[in-house]
Amino acid sequence: AKGCMNFATLLAPLALVLVVNGFQPVFVFVYGIVLTRWFPSFGAENITRKRIIQKTISIAVVCVGTFILQTT
């Protein structure tokens, strides 16, 4: 992962790489839900209502923090 991050910073502006990296939890969350719904043998995610809300709030905090860092 570190090598991929370093390679990405060589190809694109650093700010763009860091912003995309900040939104990574959103993609992981979506992949987790898709795998749990349609391919439960590949991975299992706890998708109870309480956990979904908790994970959504956590991801929102990360995205807001990334946005604040990007705009300053």
# chains A, B, ... in the order shown; residues from 1 in each chain; ligands from 1

call {"tool": "residues_around", "arguments": {"residues": "region 46-55 of chain A", "least_positions_apart": "4", "cutoff": "12 Å", "atoms": "only C-alpha atoms", "output": "list in words"}}
result
Pro25, Val26, Val28, Phe29, Val30, Gly32, Ile33, Val34, Leu35, Thr36, Arg37, Pro40, Ile59, Ala60, Val61 and Val62 of chain A

call {"tool": "closest_residue", "arguments": {"among": "A:Gly43, A:Ala8, A:Thr71, A:Gly3", "to": "Asn21 (chain A)", "atoms": "only C-alpha atoms"}}
result
A:Ala8

call {"tool": "closest_residue", "arguments": {"among": "A:Ser41, A:Leu11, A:Tyr31, A:Leu18", "to": "Cys63 (chain A)", "atoms": "only C-alpha atoms"}}
result
A:Leu18

call {"tool": "atom_distance", "arguments": {"atom1": "CA of Gln70 (chain A)", "atom2": "CA of Val19 (chain A)"}}
result
7.0 Å

call {"tool": "select_by_dssp", "arguments": {"residues": "chain A", "states": "helix (DSSP H, G or I)", "output": "MDAnalysis selection string"}}
result
chainID A and resid 2:11 14:22 24:38 49:71

call {"tool": "atom_distance", "arguments": {"atom1": "CA of Cys4 (chain A)", "atom2": "CA of Phe42 (chain A)"}}
result
24.1 Å

call {"tool": "decode", "arguments": {"residues": "region 11-26 of chain A", "atoms": "N, CA and C atoms", "output": "PDB file, in the first residue's frame"}}
result
ATOM      1  N   LEU A  11       2.633  10.417 -10.015  1.00  0.00           N
ATOM      2  CA  LEU A  11       1.834  10.596 -11.220  1.00  0.00           C
ATOM      3  C   LEU A  11       0.843  11.748 -11.139  1.00  0.00           C
ATOM      4  N   ALA A  12       0.394  12.102  -9.940  1.00  0.00           N
ATOM      5  CA  ALA A  12      -0.642  13.121  -9.786  1.00  0.00           C
ATOM      6  C   ALA A  12      -0.208  14.118  -8.716  1.00  0.00           C
ATOM      7  N   PRO A  13      -0.860  15.264  -8.686  1.00  0.00           N
ATOM      8  CA  PRO A  13      -0.550  16.224  -7.626  1.00  0.00           C
ATOM      9  C   PRO A  13      -0.828  15.627  -6.237  1.00  0.00           C
ATOM     10  N   LEU A  14       0.003  15.982  -5.301  1.00  0.00           N
ATOM     11  CA  LEU A  14      -0.086  15.413  -3.961  1.00  0.00           C
ATOM     12  C   LEU A  14      -1.437  15.671  -3.317  1.00  0.00           C
ATOM     13  N   ALA A  15      -1.985  16.870  -3.484  1.00  0.00           N
ATOM     14  CA  ALA A  15      -3.275  17.201  -2.868  1.00  0.00           C
ATOM     15  C   ALA A  15      -4.379  16.288  -3.402  1.00  0.00           C
ATOM     16  N   LEU A  16      -4.355  16.003  -4.683  1.00  0.00           N
ATOM     17  CA  LEU A  16      -5.368  15.138  -5.272  1.00  0.00           C
ATOM     18  C   LEU A  16      -5.261  13.714  -4.737  1.00  0.00           C
ATOM     19  N   VAL A  17      -4.063  13.220  -4.599  1.00  0.00           N
ATOM     20  CA  VAL A  17      -3.852  11.873  -4.067  1.00  0.00           C
ATOM     21  C   VAL A  17      -4.345  11.786  -2.627  1.00  0.00           C
ATOM     22  N   LEU A  18      -4.053  12.806  -1.828  1.00  0.00           N
ATOM     23  CA  LEU A  18      -4.475  12.791  -0.436  1.00  0.00           C
ATOM     24  C   LEU A  18      -5.989  12.901  -0.293  1.00  0.00           C
ATOM     25  N   VAL A  19      -6.646  13.659  -1.164  1.00  0.00           N
ATOM     26  CA  VAL A  19      -8.104  13.770  -1.111  1.00  0.00           C
ATOM     27  C   VAL A  19      -8.750  12.431  -1.456  1.00  0.00           C
ATOM     28  N   VAL A  20      -8.279  11.798  -2.501  1.00  0.00           N
ATOM     29  CA  VAL A  20      -8.832  10.492  -2.888  1.00  0.00           C
ATOM     30  C   VAL A  20      -8.579   9.474  -1.782  1.00  0.00           C
ATOM     31  N   ASN A  21      -7.414   9.532  -1.172  1.00  0.00           N
ATOM     32  CA  ASN A  21      -7.090   8.635  -0.074  1.00  0.00           C
ATOM     33  C   ASN A  21      -8.004   8.890   1.131  1.00  0.00           C
ATOM     34  N   GLY A  22      -8.436  10.125   1.321  1.00  0.00           N
ATOM     35  CA  GLY A  22      -9.333  10.455   2.426  1.00  0.00           C
ATOM     36  C   GLY A  22     -10.730   9.883   2.251  1.00  0.00           C
ATOM     37  N   PHE A  23     -11.144   9.666   1.010  1.00  0.00           N
ATOM     38  CA  PHE A  23     -12.468   9.105   0.745  1.00  0.00           C
ATOM     39  C   PHE A  23     -12.451   7.587   0.599  1.00  0.00           C
ATOM     40  N   GLN A  24     -11.338   6.978   0.858  1.00  0.00           N
ATOM     41  CA  GLN A  24     -11.212   5.522   0.765  1.00  0.00           C
ATOM     42  C   GLN A  24     -12.204   4.771   1.659  1.00  0.00           C
ATOM     43  N   PRO A  25     -12.501   5.236   2.878  1.00  0.00           N
ATOM     44  CA  PRO A  25     -13.468   4.501   3.710  1.00  0.00           C
ATOM     45  C   PRO A  25     -14.848   4.380   3.080  1.00  0.00           C
ATOM     46  N   VAL A  26     -15.231   5.353   2.267  1.00  0.00           N
ATOM     47  CA  VAL A  26     -16.538   5.274   1.593  1.00  0.00           C
ATOM     48  C   VAL A  26     -16.563   4.080   0.644  1.00  0.00           C
TER      49      VAL A  26
END
